[in-house]
$ cat work-v9.txt   # compact mmCIF, C-alpha atoms
# COMPACT_ATOMS: atom_id res chain seq x y z
CA MET A 1 -14.36 -105.35 72.56
CA LYS A 2 -14.18 -104.74 68.82
CA HIS A 3 -11.74 -106.92 66.89
CA PHE A 4 -10.19 -106.10 63.53
CA LEU A 5 -7.92 -108.57 61.73
CA LEU A 6 -5.50 -106.78 59.47
CA THR A 7 -3.41 -108.83 57.08
CA GLY A 8 -0.43 -107.97 54.90
CA ALA A 9 0.76 -104.38 54.63
CA LEU A 10 0.19 -101.93 57.47
CA LEU A 11 -3.50 -101.25 57.96
CA VAL A 12 -4.83 -97.98 59.22
CA ALA A 13 -8.17 -96.61 60.27
CA ALA A 14 -10.40 -95.14 57.62
CA ALA A 15 -12.55 -92.85 59.76
CA ALA A 16 -14.88 -92.20 62.57
CA MET A 17 -18.34 -93.83 62.96
CA PRO A 18 -17.93 -96.68 63.99
CA SER A 19 -14.34 -97.80 63.50
CA VAL A 20 -13.73 -99.11 59.97
CA ILE A 21 -10.41 -100.55 58.88
CA ALA A 22 -9.05 -100.17 55.36
CA GLN A 23 -5.97 -101.80 53.85
CA VAL A 24 -3.15 -99.76 52.46
CA PRO A 25 -2.18 -101.30 49.11
CA GLY A 26 0.92 -103.47 49.44
CA VAL A 27 2.90 -105.98 47.46
CA PRO A 28 1.36 -109.43 47.87
CA SER A 29 3.66 -112.15 49.12
CA THR A 30 4.72 -114.12 46.06
CA GLN A 31 8.14 -115.17 47.36
CA ALA A 32 8.98 -118.77 48.03
CA ALA A 33 8.96 -119.76 51.68
CA THR A 34 12.08 -118.54 53.46
CA VAL A 35 14.26 -121.39 54.64
CA ILE A 36 16.13 -120.62 57.85
CA PRO A 37 19.02 -123.05 58.30
CA ALA A 38 20.19 -124.19 61.71
CA PRO A 39 22.52 -121.70 63.44
CA PRO A 40 26.23 -122.20 62.95
CA GLN A 41 28.00 -124.53 65.35
CA VAL A 42 30.29 -122.29 67.38
CA ALA A 43 33.37 -123.70 69.11
CA ALA A 44 32.90 -121.84 72.39
CA LYS A 45 31.73 -122.58 75.92
CA ALA A 46 28.83 -120.17 75.49
CA TYR A 47 27.51 -117.85 72.81
CA PHE A 48 24.59 -115.54 72.21
CA LEU A 49 23.22 -113.44 69.34
CA ILE A 50 20.56 -110.80 69.81
CA ASP A 51 18.88 -108.04 67.80
CA ALA A 52 19.79 -104.91 69.75
CA ASN A 53 16.67 -103.00 68.68
CA SER A 54 13.92 -105.57 69.18
CA GLY A 55 15.58 -107.71 71.82
CA ALA A 56 14.89 -110.87 69.81
CA VAL A 57 17.26 -113.74 70.58
CA LEU A 58 18.46 -115.30 67.33
CA VAL A 59 21.02 -117.82 68.61
CA GLU A 60 21.93 -119.03 72.09
CA HIS A 61 24.01 -121.77 73.65
CA ASN A 62 24.74 -121.98 77.38
CA ALA A 63 23.70 -118.34 77.51
CA ASP A 64 23.09 -118.44 81.27
CA GLU A 65 26.17 -120.43 82.25
CA GLN A 66 28.25 -118.46 84.73
CA LEU A 67 31.80 -118.10 83.41
CA PRO A 68 34.89 -116.04 84.30
CA PRO A 69 34.73 -112.70 82.46
CA ALA A 70 38.40 -111.77 81.96
CA SER A 71 38.71 -108.28 80.43
CA LEU A 72 35.06 -108.23 79.43
CA THR A 73 34.66 -106.96 83.00
CA LYS A 74 36.02 -103.66 81.69
CA MET A 75 32.75 -103.15 79.80
CA MET A 76 31.07 -102.61 83.17
CA THR A 77 33.93 -100.45 84.46
CA ALA A 78 33.58 -98.23 81.39
CA TYR A 79 29.78 -98.23 81.77
CA VAL A 80 30.00 -97.01 85.37
CA LEU A 81 32.48 -94.31 84.32
CA ALA A 82 30.23 -93.17 81.47
CA SER A 83 27.27 -93.05 83.86
CA GLU A 84 29.18 -90.90 86.35
CA MET A 85 30.30 -88.54 83.59
CA GLU A 86 26.80 -88.19 82.13
CA ALA A 87 25.37 -87.55 85.59
CA GLY A 88 27.87 -84.69 86.02
CA ARG A 89 29.52 -86.16 89.10
CA VAL A 90 32.88 -86.24 87.32
CA LYS A 91 34.25 -84.60 84.17
CA PRO A 92 36.48 -85.98 81.40
CA THR A 93 39.03 -83.28 82.27
CA ASP A 94 39.28 -84.32 85.93
CA MET A 95 42.84 -85.30 86.80
CA VAL A 96 43.34 -88.57 88.64
CA ALA A 97 46.20 -89.31 91.02
CA VAL A 98 47.73 -92.73 90.34
CA SER A 99 48.20 -94.87 93.45
CA ASN A 100 50.69 -97.69 93.91
CA ASN A 101 47.78 -100.11 93.47
CA ALA A 102 47.06 -98.61 90.05
CA TRP A 103 50.74 -98.45 89.08
CA SER A 104 51.59 -100.32 85.92
CA GLN A 105 54.40 -102.06 87.81
CA ASN A 106 52.05 -103.55 90.42
CA PRO A 107 52.98 -107.28 90.49
CA VAL A 108 49.25 -108.16 90.28
CA PHE A 109 49.32 -106.89 86.68
CA ALA A 110 52.40 -108.87 85.59
CA GLY A 111 51.98 -110.15 82.06
CA SER A 112 48.59 -108.48 81.56
CA SER A 113 47.40 -105.60 79.38
CA LEU A 114 48.33 -102.14 80.63
CA MET A 115 47.95 -98.46 79.82
CA TRP A 116 51.33 -97.78 81.54
CA ILE A 117 50.33 -95.11 84.03
CA GLU A 118 52.74 -94.11 86.80
CA PRO A 119 52.43 -92.67 90.35
CA GLY A 120 53.29 -88.99 90.44
CA THR A 121 51.91 -88.41 86.95
CA PRO A 122 48.22 -87.41 87.11
CA VAL A 123 46.10 -88.60 84.19
CA SER A 124 42.74 -87.31 82.97
CA LEU A 125 39.57 -89.37 83.14
CA ALA A 126 39.24 -88.97 79.38
CA ASP A 127 42.63 -90.62 78.90
CA LEU A 128 41.80 -93.36 81.39
CA GLU A 129 38.53 -94.07 79.57
CA ARG A 130 40.43 -94.69 76.34
CA GLY A 131 43.03 -96.65 78.27
CA ILE A 132 40.29 -98.99 79.50
CA ILE A 133 38.36 -99.32 76.24
CA ILE A 134 41.12 -99.33 73.62
CA SER A 135 44.27 -100.41 75.48
CA SER A 136 42.35 -102.68 77.91
CA GLY A 137 44.60 -101.37 80.68
CA ASN A 138 44.17 -103.12 84.02
CA ASP A 139 46.05 -100.26 85.67
CA ALA A 140 43.59 -97.75 84.19
CA THR A 141 40.61 -99.60 85.66
CA VAL A 142 42.05 -99.49 89.18
CA ALA A 143 42.79 -95.76 88.86
CA VAL A 144 39.19 -95.13 87.79
CA ALA A 145 37.79 -97.37 90.53
CA GLU A 146 39.74 -95.58 93.23
CA HIS A 147 38.86 -92.15 91.88
CA LEU A 148 35.13 -92.87 91.66
CA ALA A 149 34.62 -94.97 94.78
CA GLY A 150 37.72 -94.71 96.97
CA ASN A 151 38.73 -98.35 96.59
CA GLU A 152 38.05 -101.36 94.41
CA ALA A 153 35.67 -103.06 96.83
CA ALA A 154 33.40 -100.02 96.92
CA PHE A 155 33.64 -99.71 93.15
CA ALA A 156 32.62 -103.35 92.75
CA ASP A 157 29.47 -102.47 94.70
CA MET A 158 28.78 -99.75 92.14
CA MET A 159 29.34 -102.22 89.31
CA ASN A 160 26.90 -104.71 90.79
CA ALA A 161 24.29 -102.00 91.41
CA HIS A 162 24.47 -100.98 87.75
CA ALA A 163 24.33 -104.64 86.70
CA GLU A 164 21.12 -105.10 88.65
CA ALA A 165 19.63 -101.92 87.18
CA ILE A 166 20.08 -103.13 83.60
CA GLY A 167 18.83 -106.63 84.31
CA MET A 168 22.07 -108.60 84.55
CA GLN A 169 20.58 -111.25 86.81
CA ASP A 170 23.31 -113.91 86.76
CA SER A 171 26.58 -111.95 86.92
CA TRP A 172 28.71 -110.69 89.80
CA PHE A 173 31.75 -108.42 89.81
CA VAL A 174 34.55 -108.47 92.37
CA ASN A 175 37.16 -106.23 90.74
CA SER A 176 37.36 -103.60 88.00
CA HIS A 177 39.63 -105.39 85.53
CA GLY A 178 38.58 -109.03 85.32
CA LEU A 179 41.75 -110.75 86.43
CA PRO A 180 40.80 -114.03 88.15
CA ALA A 181 39.01 -113.58 91.48
CA PRO A 182 36.84 -115.99 93.48
CA GLY A 183 33.12 -115.31 93.03
CA GLN A 184 33.45 -113.22 89.87
CA PHE A 185 31.40 -114.44 86.91
CA VAL A 186 29.25 -113.34 84.00
CA THR A 187 26.90 -114.92 81.47
CA ALA A 188 26.67 -114.42 77.73
CA ARG A 189 23.11 -113.16 78.05
CA ASP A 190 24.07 -110.59 80.67
CA LEU A 191 27.00 -109.32 78.62
CA ALA A 192 24.63 -108.73 75.69
CA LYS A 193 22.41 -106.69 78.01
CA LEU A 194 25.42 -104.65 79.11
CA ALA A 195 26.49 -104.02 75.52
CA ALA A 196 22.97 -102.90 74.59
CA ALA A 197 22.85 -100.57 77.60
CA MET A 198 26.12 -98.91 76.61
CA ILE A 199 25.00 -98.54 72.98
CA ASN A 200 21.58 -97.12 73.86
CA ASN A 201 22.32 -95.13 77.02
CA PHE A 202 25.75 -93.66 76.26
CA PRO A 203 26.26 -93.54 72.47
CA GLU A 204 29.04 -90.94 72.66
CA HIS A 205 31.05 -93.15 74.99
CA TYR A 206 30.24 -96.25 72.96
CA ALA A 207 31.84 -94.55 69.95
CA LEU A 208 35.25 -95.01 71.63
CA TYR A 209 35.00 -98.78 71.15
CA LYS A 210 35.56 -98.48 67.42
CA GLU A 211 38.80 -96.46 67.71
CA LEU A 212 41.62 -98.56 66.30
CA GLU A 213 44.52 -97.29 68.36
CA TYR A 214 45.50 -95.16 71.33
CA THR A 215 48.80 -93.57 72.35
CA TYR A 216 49.63 -92.68 75.94
CA GLY A 217 53.06 -91.77 77.28
CA GLY A 218 54.54 -92.30 73.84
CA ILE A 219 53.32 -95.91 73.73
CA LEU A 220 51.06 -96.81 70.80
CA GLN A 221 48.60 -99.65 71.40
CA TYR A 222 46.09 -101.18 69.02
CA ASN A 223 42.50 -102.17 69.68
CA ARG A 224 42.44 -105.95 70.21
CA ASN A 225 39.09 -106.34 68.44
CA SER A 226 40.53 -107.21 65.03
CA LEU A 227 37.06 -107.39 63.46
CA LEU A 228 37.09 -103.58 63.48
CA ARG A 229 39.77 -103.67 60.78
CA GLU A 230 38.15 -106.40 58.71
CA ASP A 231 34.45 -105.50 58.75
CA PRO A 232 33.40 -101.83 58.47
CA THR A 233 29.96 -102.63 59.90
CA VAL A 234 31.50 -103.71 63.22
CA ASP A 235 31.86 -100.80 65.65
CA GLY A 236 32.57 -102.54 68.99
CA ILE A 237 32.93 -103.78 71.52
CA LYS A 238 35.47 -105.69 73.72
CA THR A 239 37.81 -108.66 73.87
CA GLY A 240 38.92 -110.63 76.89
CA TYR A 241 41.41 -113.34 77.79
CA THR A 242 42.77 -115.17 80.79
CA ARG A 243 43.92 -118.77 80.99
CA GLU A 244 40.91 -119.49 83.19
CA ALA A 245 38.35 -117.82 80.90
CA GLY A 246 39.78 -118.56 77.46
CA TYR A 247 39.28 -116.07 74.65
CA GLY A 248 36.07 -114.03 74.59
CA LEU A 249 34.60 -111.31 72.41
CA VAL A 250 31.48 -109.17 72.66
CA ALA A 251 30.86 -107.54 69.28
CA SER A 252 28.25 -105.33 67.68
CA ALA A 253 27.61 -104.47 64.06
CA GLU A 254 25.00 -102.52 62.10
CA ARG A 255 23.94 -103.32 58.56
CA ARG A 256 20.98 -101.80 56.68
CA GLY A 257 19.48 -100.40 59.86
CA MET A 258 19.72 -103.69 61.76
CA ARG A 259 22.03 -103.85 64.79
CA LEU A 260 23.15 -107.18 66.23
CA ILE A 261 25.12 -107.96 69.37
CA SER A 262 27.06 -111.21 69.62
CA VAL A 263 28.79 -112.74 72.62
CA VAL A 264 31.34 -115.56 72.34
CA LEU A 265 32.95 -116.92 75.51
CA GLY A 266 35.63 -119.53 76.07
CA THR A 267 37.18 -120.07 72.64
CA ARG A 268 40.68 -121.47 72.10
CA SER A 269 42.39 -118.50 70.46
CA ALA A 270 42.09 -114.87 69.42
CA ASN A 271 41.60 -116.00 65.85
CA ALA A 272 38.86 -118.44 66.86
CA ARG A 273 36.87 -115.84 68.78
CA LYS A 274 37.02 -113.54 65.76
CA ASN A 275 35.94 -116.19 63.28
CA GLU A 276 33.15 -117.54 65.48
CA THR A 277 31.85 -114.01 66.04
CA ARG A 278 31.90 -113.32 62.31
CA SER A 279 29.97 -116.53 61.71
CA LEU A 280 27.24 -115.55 64.17
CA LEU A 281 26.89 -112.00 62.83
CA ASN A 282 26.74 -113.14 59.20
CA TYR A 283 24.06 -115.70 60.06
CA GLY A 284 21.90 -113.10 61.79
CA PHE A 285 22.19 -110.50 59.05
CA ARG A 286 21.68 -113.04 56.25
CA PHE A 287 18.52 -114.71 57.49
CA PHE A 288 16.74 -112.10 59.64
CA GLU A 289 15.65 -108.48 59.43
CA THR A 290 14.50 -105.81 61.85
CA VAL A 291 11.08 -104.44 60.94
CA ASN A 292 9.64 -101.14 62.17
CA LEU A 293 5.93 -101.83 61.91
CA PHE A 294 4.47 -98.51 62.92
CA ASP A 295 5.71 -95.40 64.61
CA PRO A 296 4.69 -93.69 67.83
CA GLU A 297 1.94 -91.14 67.27
CA GLN A 298 0.77 -92.92 64.11
CA ALA A 299 -3.03 -93.28 64.15
CA LEU A 300 -4.04 -96.94 63.89
CA ALA A 301 -7.75 -96.11 64.16
CA GLU A 302 -10.13 -93.25 64.96
CA PRO A 303 -13.00 -94.71 66.97
CA ARG A 304 -16.22 -92.87 67.76
CA VAL A 305 -16.15 -90.95 71.05
CA TRP A 306 -19.33 -90.68 73.10
CA LYS A 307 -20.16 -87.74 75.38
CA GLY A 308 -17.15 -85.73 74.20
CA LEU A 309 -16.46 -82.41 72.55
CA ALA A 310 -14.85 -84.34 69.68
CA GLN A 311 -16.64 -86.99 67.64
CA SER A 312 -13.60 -89.26 67.35
CA VAL A 313 -10.12 -89.77 68.77
CA ARG A 314 -6.86 -90.86 67.19
CA VAL A 315 -5.51 -94.02 68.82
CA GLY A 316 -2.11 -95.64 68.44
CA VAL A 317 1.02 -96.67 70.35
CA LEU A 318 3.47 -94.58 72.37
CA GLU A 319 6.44 -96.89 71.79
CA PRO A 320 7.72 -98.01 68.38
CA ALA A 321 6.76 -101.53 67.34
CA VAL A 322 10.02 -103.20 66.35
CA VAL A 323 10.21 -106.93 65.65
CA THR A 324 12.77 -109.30 64.17
CA LEU A 325 11.48 -111.58 61.43
CA PRO A 326 12.91 -114.18 59.08
CA ARG A 327 13.72 -112.41 55.83
CA GLY A 328 10.82 -112.54 53.39
CA LYS A 329 8.13 -112.93 56.06
CA ARG A 330 7.21 -109.27 56.50
CA GLU A 331 4.16 -109.44 54.22
CA GLN A 332 2.80 -112.47 56.08
CA LEU A 333 2.35 -110.57 59.35
CA GLN A 334 -1.19 -110.34 60.68
CA THR A 335 -2.23 -107.39 62.81
CA GLU A 336 -5.20 -107.67 65.15
CA LEU A 337 -6.52 -104.43 66.58
CA GLU A 338 -8.77 -104.84 69.61
CA LEU A 339 -10.66 -101.72 70.75
CA ALA A 340 -13.15 -101.05 73.54
CA ASP A 341 -16.80 -101.41 72.50
CA SER A 342 -17.54 -97.87 73.66
CA VAL A 343 -15.09 -95.00 74.03
CA VAL A 344 -16.49 -92.42 76.45
CA ALA A 345 -15.12 -88.96 77.26
CA PRO A 346 -13.34 -87.51 79.10
CA LEU A 347 -10.14 -89.00 77.73
CA ALA A 348 -6.58 -88.11 78.64
CA ARG A 349 -3.66 -88.67 76.32
CA GLY A 350 -2.27 -92.12 77.11
CA ASP A 351 -5.54 -93.68 78.29
CA GLN A 352 -5.57 -97.31 77.13
CA LEU A 353 -8.42 -98.09 74.77
CA GLY A 354 -7.33 -101.46 73.41
CA THR A 355 -4.50 -103.69 72.26
CA VAL A 356 -2.64 -104.30 69.03
CA ARG A 357 -1.28 -107.78 68.46
CA LEU A 358 1.06 -108.88 65.66
CA SER A 359 1.41 -112.53 64.76
CA LEU A 360 3.28 -114.63 62.23
CA GLU A 361 2.09 -118.12 61.35
CA GLY A 362 -0.11 -118.18 64.42
CA GLU A 363 2.58 -117.05 66.87
CA THR A 364 2.41 -113.65 68.58
CA VAL A 365 5.56 -111.65 67.84
CA HIS A 366 4.54 -108.32 69.39
CA GLU A 367 1.76 -106.98 71.59
CA ALA A 368 1.26 -103.43 72.82
CA PRO A 369 -1.42 -101.25 74.42
CA VAL A 370 -3.36 -98.95 72.09
CA VAL A 371 -3.92 -95.57 73.73
CA ALA A 372 -5.53 -92.23 73.04
CA LEU A 373 -3.05 -90.00 71.24
CA GLU A 374 -4.92 -86.85 72.25
CA ALA A 375 -7.18 -85.66 75.03
CA VAL A 376 -10.94 -85.31 74.54
CA ASP A 377 -12.88 -83.16 77.02
CA GLN A 378 -16.34 -84.03 78.20
CA ALA A 379 -19.27 -82.40 76.39
CA GLY A 380 -22.02 -80.39 78.07
CA PHE A 381 -24.95 -81.91 79.97
CA PHE A 382 -27.47 -82.09 77.12
CA ALA A 383 -24.92 -83.46 74.63
CA ARG A 384 -23.99 -86.17 77.12
CA LEU A 385 -27.65 -86.97 77.74
CA TRP A 386 -28.33 -87.27 74.01
CA ASP A 387 -25.28 -89.54 73.54
CA SER A 388 -26.47 -91.70 76.44
CA ILE A 389 -29.79 -92.25 74.62
CA LYS A 390 -28.00 -93.06 71.36
CA MET A 391 -25.64 -95.47 73.14
CA TRP A 392 -28.64 -97.25 74.72
CA ILE A 393 -30.34 -97.58 71.35
CA SER A 394 -27.12 -98.78 69.71
CA LYS A 395 -26.63 -101.49 72.33
CA LEU A 396 -30.30 -102.48 72.11
CA PHE A 397 -30.04 -103.21 68.38
CA SER A 398 -26.62 -104.88 68.65
CA VAL A 399 -27.88 -107.60 71.00

$ encode --input "work-v9.txt" --output "structure tokens"
Amino acid sequence: MKHFLLTGALLVAAAAMPSVIAQVPGVPSTQAATVIPAPPQVAAKAYFLIDANSGAVLVEHNADEQLPPASLTKMMTAYVLASEMEAGRVKPTDMVAVSNNAWSQNPVFAGSSLMWIEPGTPVSLADLERGIIISSGNDATVAVAEHLAGNEAAFADMMNAHAEAIGMQDSWFVNSHGLPAPGQFVTARDLAKLAAAMINNFPEHYALYKELEYTYGGILQYNRNSLLREDPTVDGIKTGYTREAGYGLVASAERRGMRLISVVLGTRSANARKNETRSLLNYGFRFFETVNLFDPEQALAEPRVWKGLAQSVRVGVLEPAVVTLPRGKREQLQTELELADSVVAPLARGDQLGTVRLSLEGETVHEAPVVALEAVDQAGFFARLWDSIKMWISKLFSV
């Protein structure tokens, strides 16, 4: 394998025979060492802060402790509904019959948040979606569950199947609304995964989480995520409360191209969950940054190709390289490009030819396969024979 150590600014290949690496001029690192203070102490049973784009965990405490979810359950109910809509199995305009179970006057819902739907008055799925997300209506969740799955037990099976699909390994759902139920629990880490899945998979549906109010049946209700009114960078996502669970908040914000997701579970009050969330978000944005190192299709090198119709091939990555770094450390990244000693045609686009590894202060922060960005067909018989002789001579003198 050929190894190239690339330091500082992004380094790219200079040309073809053999691979030579040149450095793109960059600003040398003259800044003082960045000091990252300890994360804020958050008064909550569990909390978690993650970079939504890179997946880097910035802060965690009891992130895998299984806790009652309260209305944060509705994030999964809304996720399942969005998935069914996007798959075309239901439409926003579909009208839903309201059962006695989903009736706002069901004693199960006494004292809880409601959309105020009534039997005998059909309601659209679009209205129910807003009723779940903005009004946090327990009645709306049951109406959706019954419409999509027939009953709540079957809908809970759908919720758990989606949870498994997005990697929520330590959570389990029993009902659609989050009111206390034996065996129902979530973790802070899993809720961050769910928030990221909604943001990335269903952005149009995620946009509803930033709406400040919703009126149904002449009743105006306000979004309980008060950070939406105080911080314009916050655009979601959901609050929750029961006496058993305490006050929880899953929030997301985007500043200067960096998106963070925070989860705070089991605080003492609505004000506390807001302030603790703000503290986590401000810490992440102040001391870290999301760095896009190179883009898909960008040529990192152009190694010599033997026995092919082309003399060289562009190689790079198919997925963007996104990492989270302490602010001020970008220029200290080292990039090691490892390529095969001999690249021989035929080559198909996507064939792995090496590895790119990014490290900071001796620690690997990202690693990805380096692949052919284009196909190279095999040359004719005599061209291949001649290249075989040249390869033999090259190896002979490199020993």

$ residues_around --input "work-v9.txt" --residues "range 310-321 of chain A" --least-positions-apart "2" --cutoff "8 Å" --atoms "only C-alpha atoms" --output "PyMOL selection string"
chain A and resi 16-17+292-306+308+323+350+353+366+368-374+376-377

$ closest_residue --input "work-v9.txt" --among "A:Ile237, A:Ala149, A:Asp64, A:Thr242" --to "Met168 in chain A" --atoms "only C-alpha atoms"
A:Asp64

$ atom_distance --input "work-v9.txt" --atom1 "CA of Ala253 in chain A" --atom2 "CA of Thr233 in chain A"
5.1 Å

$ closest_residue --input "work-v9.txt" --among "A:Val264, A:Val365, A:Ala97, A:Leu309" --to "Glu336 in chain A" --atoms "only C-alpha atoms"
A:Val365

$ closest_residue --input "work-v9.txt" --among "A:Ser135, A:Ser252, A:Gln352, A:Thr73" --to "Ala195 in chain A" --atoms "only C-alpha atoms"
A:Ser252

$ atom_distance --input "work-v9.txt" --atom1 "CA of Ala102 in chain A" --atom2 "CA of Gln169 in chain A"
29.5 Å

$ closest_residue --input "work-v9.txt" --among "A:Gly167, A:Pro92, A:Gly55, A:Gly380" --to "Ser124 in chain A" --atoms "all atoms listed in the file"
A:Pro92

$ residues_around --input "work-v9.txt" --residues "Val144 in chain A" --least-positions-apart "3" --cutoff "9 Å" --atoms "only C-alpha atoms" --output "short mmCIF file (atom, residue, chain, number, x, y, z; two decimals) with C-alpha atoms, in the coordinates of the input"
data_model
loop_
_atom_site.label_atom_id
_atom_site.label_comp_id
_atom_site.auth_asym_id
_atom_site.auth_seq_id
_atom_site.Cartn_x
_atom_site.Cartn_y
_atom_site.Cartn_z
CA THR A 77 33.93 -100.45 84.46
CA LEU A 81 32.48 -94.31 84.32
CA VAL A 96 43.34 -88.57 88.64
CA ALA A 102 47.06 -98.61 90.05
CA LEU A 125 39.57 -89.37 83.14
CA LEU A 128 41.80 -93.36 81.39
CA GLU A 129 38.53 -94.07 79.57
CA ASP A 139 46.05 -100.26 85.67
CA ALA A 140 43.59 -97.75 84.19
CA THR A 141 40.61 -99.60 85.66
CA HIS A 147 38.86 -92.15 91.88
CA LEU A 148 35.13 -92.87 91.66
CA ALA A 149 34.62 -94.97 94.78
CA PHE A 155 33.64 -99.71 93.15
CA SER A 176 37.36 -103.60 88.00
#

$ residues_near_point --input "work-v9.txt" --point "(52.5, -96.1, 77.9)" --cutoff "12 Å" --atoms "all atoms listed in the file" --output "list of chain:residue names"
A:Trp103, A:Ser104, A:Gln105, A:Ser113, A:Leu114, A:Met115, A:Trp116, A:Ile117, A:Glu118, A:Thr121, A:Val123, A:Asp127, A:Leu128, A:Gly131, A:Ser135, A:Gly137, A:Asp139, A:Ala140, A:Tyr214, A:Thr215, A:Tyr216, A:Gly217, A:Gly218, A:Ile219, A:Leu220, A:Gln221

$ closest_residue --input "work-v9.txt" --among "A:Leu179, A:Ile132, A:Leu228, A:Ser83" --to "Met158 in chain A" --atoms "all atoms listed in the file"
A:Ser83

$ atom_distance --input "work-v9.txt" --atom1 "CA of Lys193 in chain A" --atom2 "CA of Thr355 in chain A"
27.7 Å

$ axis_aligned_box --input "work-v9.txt" --around "range 350-358 of chain A" --padding-each-side "4 Å" --output "lines of an AutoDock Vina configuration file"
center_x = -3.7
center_y = -100.5
center_z = 72.0
size_x = 17.5
size_y = 24.8
size_z = 20.6

$ closest_residue --input "work-v9.txt" --among "A:Arg243, A:Leu280, A:Ser112, A:Ala78" --to "His61 in chain A" --atoms "all atoms listed in the file"
A:Leu280

$ residues_around --input "work-v9.txt" --residues "Asp170 in chain A" --least-positions-apart "4" --cutoff "8 Å" --atoms "only C-alpha atoms" --output "MDAnalysis selection string"
chainID A and resid 64 66 186:187 190
